[in-house]
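S.K.: Here you go, one structure.
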Amino acid sequence: MAVYRLCVTTGSYLKAGTMDNISATLVGTCGESPKQRLDRVGRDFAPGSVQKYKVRCSAELGELLLLRLHKERFAFFRKDSWYCSCITVTAPDGTIIPFPCYQWIEGYCTMELRPGTGRTICQDSLPLLLDHRKRELQARQECYRWKIYAPGFPRMVDVSSFEEMESDKKFALTKTMPCAEQDDSPGNRYLPGFPMKIDIPSLLHMEPNIRYSATKTASLLFNAIPASLGMKIRGLLDRKASWKKLDDMRNIFWCHKTFTTEYVTEHWCEDNFFGYQYLNGVNPVMLHCLSSLPSKLPVTNDMVAPLLGPDTCLQTELEKGNIFLADYWILADAPVHCLNGRQQYVAAPLCLLWLNPQGALLPLAIQLSQTPGPDSPIFLPTDSEWDWLLAKTWVRNSEFLVHENNTHFLCTHLLCEAFSMATLRQLPLCHPVFKLLLPHTRYTLQVNTIARATLLNPEGLVDQVTSIGRCGLLYLMRTGLAHFTYTDFCLPDSLRARGVLTIPNYYYRDDGLKIWAAIESFVSEIVGYYYPSDDSVQQDLELQAWVGEIFTQAFLGRESSGFPSQLCTSGQLVKYLTAIIFNCSAQHAAVNSGQHDFGAWMPNAPSSMRQPPLQTKGTTTLKSYLETLPEVNVTCNNLLLFWLVSQEPKDQRPLGTYPDQHFTEEVPQRSIAAFQNHLAQISRDIRERNQNLELPYIYLDPAFIENSVSI
Ligand SMILES: CCCCC/C=C\C/C=C\C=C\[C@H](C/C=C\CCCC(=O)O)OO
Ligand SMILES: [Fe+2]
């Protein structure tokens, strides 16, 4: 007689327990145990419970290969879902074998788990195990299906398949029409209290393993509803009038002020702060160092001499590498939209900046279009106060559009959705890269589905608050993806290519490179442990299918993107995994968490402009300035979104926090501990550095970075 002792841990999530009958079968190299019901006196499998059971066999089973969990009806109880965290098996000889699960198990079924040891397909030889990998991936690919949202977009998760699975309907023919081009579906409608239409059906059927937890959902709603109601009651969401005076904007969010919102309100019109935001604002990826001026921006030395002073000139500063450009070319052909029944306007500015001897980055010249000429004057700091302020505000509006649509939603949310999908579809639970990446995909499919149901949908929030509307968003994102490269994606390469590796006071760079290095070191240890050679990378067909699917589904097979379609060396794998984890965590935090901080003072991030870009100088007044900024309702609906998405709802997991122990071996667990210590040191260094800053840069403090894109 051989007795195997099972220790079953049920998750602590709301309703994680089950009343269903749970049985287990152990499969080893020397045979299988009988199917054994796991049943003790009293309640089994309650939420948060850790319970021990015995499985008796006539003889020892040899090396344990699989643990089968059978979930079946119990008496008259309705079937329910069970969140199985993990099962630890103690063999008769005392060997302890963990079987990680960390999944919701729905309905009546049999779930097969493998021991927690990381295994690539090259390390499996038994047909039983190879077949298990194959069946697991088949089931995942049946559940998580790709869908086209719009032409030129990264592919997304098809949530309709979850509804079909729920209703056990035969899968309808997959829709071939990109859903963004579909007419406004009947489920896309206004709900009382919400300023935009909501595509309700797409929110009703999320697969349990990618769905927001009850805690996170409640936290998001608890953040949204009071703020929304507060604004509604004050009439701010419905007032289609101009702001009467700038000061009235100070009290939109009187109860959500932060040090930074107040700092921005104080300094927003200063040139020094305008330049600072290119380094440490919510969109710190726009600056390019110039060695010569582009012909489309004919700035002369006379124009900028007053700012440069007598000791230097434009050519000298170009040669020194002190001249930088922010180019909003992507907005040149963006379609415009109507808000409150009136035409809105978009510019496509060129903003030239100078790094002065004191280390401050100052705007030198702003041209509001890509085509120089008499109708597109070059605005200068020496122009009238309101002309110069309005020119800078046009740039801030362009920053808003490029940041929200491209830097933020396209380059973090949508690309991370594709990484999540390929990971779920191409890598089995036992695969080391699955174990490494899964925590960095948590809730991404869910948050993007919410965004598509409330922001990107027809008459969603984007249609209610932005000058380009949903059509413009679709244009910007497909154009942005068509020009996005692997160099842009990898922080060290991007900084080098933009010529900003040495610019002072660039805390996003400094902190980002430290975090990049910490992730790279961690990933190198994991890859080094599971991939002993470049051959082992090349021969891992699951890994190659994973990288290939990302290349085709996220980057649409575009060779010029420079993204890998296959991985030939460990070094390439380390770099790719480092970049993905950095993008899912730190990069998203850098471009997401400061939206309220930098956007609560609306003139610093106007979502729309109501008058055409200036074509002459000397006409701007406070009145015309206020008539150009968005109206009250547009302002407040956008600020509501900024507030909501700038804080991670509860059920958080900061970078490097891996409570689900997918890695069960000692070596990767030591690497995780070293990674956590490394991040803790970075956090201490950042907090120490911030003590000496007038405006602390906090967004890349690892303690405030979520593991994944989940808001
Ligand atoms: C005012 C009520 C809003 C309700 C929406 C609730 C949650 C939002 C869910 C996800 C949000 C994700 C955002 C998306 C960012 C940018 C999308 C484009 C926005 C724009 O162009 O204005 O990231 O955190
Ligand atoms: Fe976000």
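Within each chain, counting starts at residue 1; across the structure tokens, chains are named A, B, ... in the order shown, with ligands numbered 1 upward in that order.
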What's around A:Leu221 at 12 Å? Count only C-alpha atoms, leave out sequence neighbours fewer than 4 positions away in its own chain, and write the answer as a list in words.
M.R.: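 Everything that qualifies: Tyr212, Ala214, Thr215, Lys216, Thr217, Ile225, Pro226, Ala227, Ser228, Leu229, Leu644, Val645, Pro649 and Lys650 of chain A.
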S.K.: May I have the selected residues written with N, CA and C atoms, as an mmCIF file, in the first residue's frame?
M.R.:
data_model
loop_
_atom_site.group_PDB
_atom_site.id
_atom_site.type_symbol
_atom_site.label_atom_id
_atom_site.label_comp_id
_atom_site.auth_asym_id
_atom_site.auth_seq_id
_atom_site.Cartn_x
_atom_site.Cartn_y
_atom_site.Cartn_z
ATOM 1 N N TYR A 212 -11.520 40.663 -14.318
ATOM 2 C CA TYR A 212 -11.225 41.393 -13.088
ATOM 3 C C TYR A 212 -11.800 40.597 -11.900
ATOM 4 N N ALA A 214 -13.576 40.266 -8.192
ATOM 5 C CA ALA A 214 -14.682 41.046 -7.616
ATOM 6 C C ALA A 214 -14.134 42.274 -6.897
ATOM 7 N N THR A 215 -12.989 42.101 -6.233
ATOM 8 C CA THR A 215 -12.381 43.229 -5.510
ATOM 9 C C THR A 215 -11.999 44.343 -6.464
ATOM 10 N N LYS A 216 -11.391 43.988 -7.577
ATOM 11 C CA LYS A 216 -10.929 45.007 -8.531
ATOM 12 C C LYS A 216 -12.129 45.704 -9.181
ATOM 13 N N THR A 217 -13.133 44.925 -9.529
ATOM 14 C CA THR A 217 -14.333 45.508 -10.134
ATOM 15 C C THR A 217 -14.986 46.485 -9.170
ATOM 16 N N ILE A 225 -17.986 55.854 -9.508
ATOM 17 C CA ILE A 225 -19.353 56.349 -9.290
ATOM 18 C C ILE A 225 -19.398 57.613 -8.431
ATOM 19 N N PRO A 226 -18.727 57.669 -7.291
ATOM 20 C CA PRO A 226 -18.787 58.921 -6.516
ATOM 21 C C PRO A 226 -18.231 60.125 -7.280
ATOM 22 N N ALA A 227 -17.112 59.910 -7.992
ATOM 23 C CA ALA A 227 -16.513 61.033 -8.738
ATOM 24 C C ALA A 227 -17.464 61.486 -9.837
ATOM 25 N N SER A 228 -18.064 60.518 -10.526
ATOM 26 C CA SER A 228 -18.968 60.838 -11.632
ATOM 27 C C SER A 228 -20.226 61.528 -11.111
ATOM 28 N N LEU A 229 -20.788 60.957 -10.047
ATOM 29 C CA LEU A 229 -22.011 61.555 -9.475
ATOM 30 C C LEU A 229 -21.730 62.967 -8.970
ATOM 31 N N LEU A 644 -9.894 58.443 -13.002
ATOM 32 C CA LEU A 644 -10.229 57.032 -12.826
ATOM 33 C C LEU A 644 -9.064 56.119 -13.179
ATOM 34 N N VAL A 645 -8.378 56.432 -14.256
ATOM 35 C CA VAL A 645 -7.354 55.502 -14.744
ATOM 36 C C VAL A 645 -5.974 55.794 -14.175
ATOM 37 N N PRO A 649 -6.865 50.160 -9.361
ATOM 38 C CA PRO A 649 -7.882 49.695 -8.418
ATOM 39 C C PRO A 649 -7.286 48.631 -7.475
ATOM 40 N N LYS A 650 -7.949 48.376 -6.368
ATOM 41 C CA LYS A 650 -7.459 47.388 -5.401
ATOM 42 C C LYS A 650 -7.174 46.041 -6.081
#
S.K.: List as a list in words the protein and nucleic acid residues near A:His678, meaning an atom at most 10 Å away when only C-alpha atoms are counted, but skip any in the same chain fewer than 5 places from it.
M.R.: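 The residues satisfying every condition are Lys514, Ile515, Ala517, Ala518, Ile519, Ser521, Phe522, Gly656, Ile672, Ala673, Ser683 and Pro702 of chain A.
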S.K.: Between A:Lys54, A:Arg73, A:His267, A:His596, which has the minimum distance to ligand 1 (counting only C-alpha atoms and all ligand atoms)?
M.R.: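 Residue with the minimum atom-to-atom distance to ligand 1: A:His596.
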S.K.: Smallest atom-to-atom distance to ligand 2: which of A:Phe675, A:Phe642, A:Tyr53, A:Phe551, using only C-alpha atoms and all ligand atoms?
M.R.: A:Phe642
S.K.: Within 10 Å of A:Asp20, counting only C-alpha atoms, which residues show up once you throw out same-chain ones fewer than 2 positions away? Write them as a list in words, please.
M.R.: Gly17, Thr18, Ile22, Ser23, Asp44, Phe45, His70, Lys71, Glu72, Arg73, Phe74, Ala75, Phe76, Phe77, Arg78, Lys79, Asp80, Ser81, Trp82, Gly107 and Tyr108 of chain A
S.K.: Using N, CA and C atoms, can you export the residues from the last selection as a CSV table (one decimal), in the first residue's frame?
M.R.:
chain,number,residue,atom,x,y,z
A,17,GLY,N,-14.6,29.1,-3.5
A,17,GLY,CA,-14.8,27.7,-3.1
A,17,GLY,C,-15.8,27.0,-3.9
A,18,THR,N,-15.9,25.7,-3.7
A,18,THR,CA,-16.9,24.9,-4.5
A,18,THR,C,-17.6,23.9,-3.6
A,22,ILE,N,-15.0,16.8,-5.7
A,22,ILE,CA,-13.6,16.9,-6.3
A,22,ILE,C,-12.9,15.5,-6.0
A,23,SER,N,-12.5,14.9,-7.1
A,23,SER,CA,-11.7,13.7,-7.0
A,23,SER,C,-10.4,13.9,-7.6
A,44,ASP,N,-15.5,21.1,2.5
A,44,ASP,CA,-14.3,21.0,1.7
A,44,ASP,C,-14.2,22.2,0.7
A,45,PHE,N,-13.0,22.6,0.4
A,45,PHE,CA,-12.7,23.6,-0.6
A,45,PHE,C,-13.5,24.9,-0.4
A,70,HIS,N,-10.9,15.8,-10.9
A,70,HIS,CA,-12.3,15.6,-11.5
A,70,HIS,C,-13.3,16.4,-10.7
A,71,LYS,N,-14.0,17.3,-11.4
A,71,LYS,CA,-14.9,18.2,-10.7
A,71,LYS,C,-16.3,17.7,-11.1
A,72,GLU,N,-17.1,17.2,-10.2
A,72,GLU,CA,-18.4,16.6,-10.6
A,72,GLU,C,-19.5,17.0,-9.7
A,73,ARG,N,-20.7,16.7,-10.1
A,73,ARG,CA,-21.9,17.2,-9.3
A,73,ARG,C,-21.9,16.6,-7.9
A,74,PHE,N,-22.4,17.4,-7.0
A,74,PHE,CA,-22.6,16.9,-5.6
A,74,PHE,C,-24.0,17.1,-5.2
A,75,ALA,N,-24.8,16.1,-5.0
A,75,ALA,CA,-26.2,16.1,-4.6
A,75,ALA,C,-27.0,17.1,-5.4
A,76,PHE,N,-27.7,17.9,-4.7
A,76,PHE,CA,-28.6,18.8,-5.5
A,76,PHE,C,-28.0,20.2,-5.7
A,77,PHE,N,-26.7,20.3,-5.3
A,77,PHE,CA,-26.1,21.7,-5.4
A,77,PHE,C,-25.9,22.0,-6.9
A,78,ARG,N,-26.1,23.3,-7.2
A,78,ARG,CA,-25.8,23.8,-8.6
A,78,ARG,C,-24.3,23.8,-8.8
A,79,LYS,N,-23.9,23.6,-10.0
A,79,LYS,CA,-22.4,23.6,-10.3
A,79,LYS,C,-21.9,25.0,-10.1
A,80,ASP,N,-20.7,25.1,-9.6
A,80,ASP,CA,-20.1,26.4,-9.4
A,80,ASP,C,-18.6,26.4,-9.8
A,81,SER,N,-18.0,27.5,-9.8
A,81,SER,CA,-16.6,27.6,-10.2
A,81,SER,C,-15.7,27.4,-9.0
A,82,TRP,N,-14.6,26.8,-9.1
A,82,TRP,CA,-13.7,26.6,-8.1
A,82,TRP,C,-12.3,27.2,-8.5
A,107,GLY,N,-17.7,24.5,-14.1
A,107,GLY,CA,-18.6,23.4,-14.5
A,107,GLY,C,-18.0,22.1,-14.0
A,108,TYR,N,-18.5,21.0,-14.7
A,108,TYR,CA,-18.0,19.7,-14.4
A,108,TYR,C,-17.0,19.3,-15.5
S.K.: Return as a list of chain:residue names the residues of protein, DNA or RNA that approach ligand 2 to within 9 Å, with only C-alpha atoms and all ligand atoms taken into account.
M.R.: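 Taking only C-alpha atoms and all ligand atoms into account, the residues around ligand 2 at most 9 Å away are A:Glu404, A:His408, A:Phe409, A:Thr412, A:His413, A:Val447, A:Asn448, A:His588, A:Ala589, A:Val591, A:Asn592, A:Ser593, A:Val645, A:Ser646, A:Val709, A:Ser710, A:Ile711.
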S.K.: Name the closest residue to ligand 1 among the candidates A:Ile200, A:Leu429, A:Ile580, A:Leu220; distances are taken between atoms, counting only C-alpha atoms and all ligand atoms.
M.R.: A:Leu220
S.K.: Write out as an mmCIF file with C-alpha atoms, in the first residue's frame which residues come within 12 Å of A:Asp375 when counting only C-alpha atoms, dropping same-chain ones fewer than 4 positions away.
M.R.:
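Output (result-v5.cif):
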data_model
loop_
_atom_site.group_PDB
_atom_site.id
_atom_site.type_symbol
_atom_site.label_atom_id
_atom_site.label_comp_id
_atom_site.auth_asym_id
_atom_site.auth_seq_id
_atom_site.Cartn_x
_atom_site.Cartn_y
_atom_site.Cartn_z
ATOM 1 C CA GLN A 367 5.170 75.942 -35.860
ATOM 2 C CA LEU A 368 1.598 74.659 -35.736
ATOM 3 C CA SER A 369 1.651 72.816 -39.036
ATOM 4 C CA GLN A 370 3.974 70.594 -41.017
ATOM 5 C CA THR A 371 4.002 73.052 -43.916
ATOM 6 C CA PHE A 379 5.706 81.279 -32.728
ATOM 7 C CA PRO A 612 -8.461 76.613 -35.917
ATOM 8 C CA PRO A 613 -4.723 76.803 -35.295
ATOM 9 C CA LEU A 614 -3.451 80.389 -35.335
ATOM 10 C CA GLN A 615 -2.421 81.692 -38.762
ATOM 11 C CA THR A 616 -1.455 85.172 -37.697
ATOM 12 C CA LYS A 617 0.234 86.730 -34.700
#
S.K.: Write out as a VMD selection string the residues lying within 12 Å of A:Gln344, counting only C-alpha atoms and excluding same-chain residues fewer than 3 positions away.
M.R.: chain A and resid 334 to 341 347 397 463 to 469 472 607 to 613 627 to 631 634
S.K.: Could you please take those selected residues and save C-alpha atoms as a PDB file, in the first residue's frame?
M.R.:
ATOM      1  CA  ALA A 334      -5.988  63.092 -38.588  1.00  0.00           C
ATOM      2  CA  PRO A 335      -9.735  63.390 -39.180  1.00  0.00           C
ATOM      3  CA  VAL A 336     -11.483  65.922 -36.951  1.00  0.00           C
ATOM      4  CA  HIS A 337     -14.694  65.536 -35.033  1.00  0.00           C
ATOM      5  CA  CYS A 338     -17.641  67.531 -33.691  1.00  0.00           C
ATOM      6  CA  LEU A 339     -18.229  68.077 -29.984  1.00  0.00           C
ATOM      7  CA  ASN A 340     -21.371  69.696 -28.592  1.00  0.00           C
ATOM      8  CA  GLY A 341     -22.489  70.033 -32.202  1.00  0.00           C
ATOM      9  CA  ALA A 347      -2.805  70.921 -35.414  1.00  0.00           C
ATOM     10  CA  ASN A 397      -3.319  69.342 -27.118  1.00  0.00           C
ATOM     11  CA  ASP A 463     -16.272  60.523 -29.186  1.00  0.00           C
ATOM     12  CA  GLN A 464     -17.449  62.749 -26.332  1.00  0.00           C
ATOM     13  CA  VAL A 465     -14.213  64.466 -25.385  1.00  0.00           C
ATOM     14  CA  THR A 466     -11.577  64.416 -28.124  1.00  0.00           C
ATOM     15  CA  SER A 467     -11.150  66.605 -31.198  1.00  0.00           C
ATOM     16  CA  ILE A 468     -10.457  63.612 -33.405  1.00  0.00           C
ATOM     17  CA  GLY A 469     -13.110  61.285 -32.017  1.00  0.00           C
ATOM     18  CA  GLY A 472      -9.314  59.902 -35.480  1.00  0.00           C
ATOM     19  CA  SER A 607      -8.527  67.009 -25.143  1.00  0.00           C
ATOM     20  CA  SER A 608      -9.851  69.217 -27.925  1.00  0.00           C
ATOM     21  CA  MET A 609      -9.490  72.707 -29.441  1.00  0.00           C
ATOM     22  CA  ARG A 610     -12.520  74.659 -30.655  1.00  0.00           C
ATOM     23  CA  GLN A 611     -10.837  77.192 -32.973  1.00  0.00           C
ATOM     24  CA  PRO A 612      -8.461  76.613 -35.917  1.00  0.00           C
ATOM     25  CA  PRO A 613      -4.723  76.803 -35.295  1.00  0.00           C
ATOM     26  CA  GLU A 627     -13.035  80.138 -26.510  1.00  0.00           C
ATOM     27  CA  THR A 628     -10.431  77.781 -27.940  1.00  0.00           C
ATOM     28  CA  LEU A 629     -10.158  75.491 -24.896  1.00  0.00           C
ATOM     29  CA  PRO A 630     -12.737  72.694 -24.501  1.00  0.00           C
ATOM     30  CA  GLU A 631     -16.083  73.506 -22.942  1.00  0.00           C
ATOM     31  CA  VAL A 634     -15.890  68.064 -22.407  1.00  0.00           C
TER      32      VAL A 634
END
S.K.: Kindly give the distance, in Å, that separates atom CA of A:Lys245 and atom CA of A:Trp386, rounded to a single decimal.
M.R.: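 Atom CA of A:Trp386 lies 14.4 Å from atom CA of A:Lys245.
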S.K.: Using only C-alpha atoms, which of the listed residues (A:Gly275, A:Ala365, A:Leu390, A:Glu63) sits closest to A:Ser624?
M.R.: A:Leu390
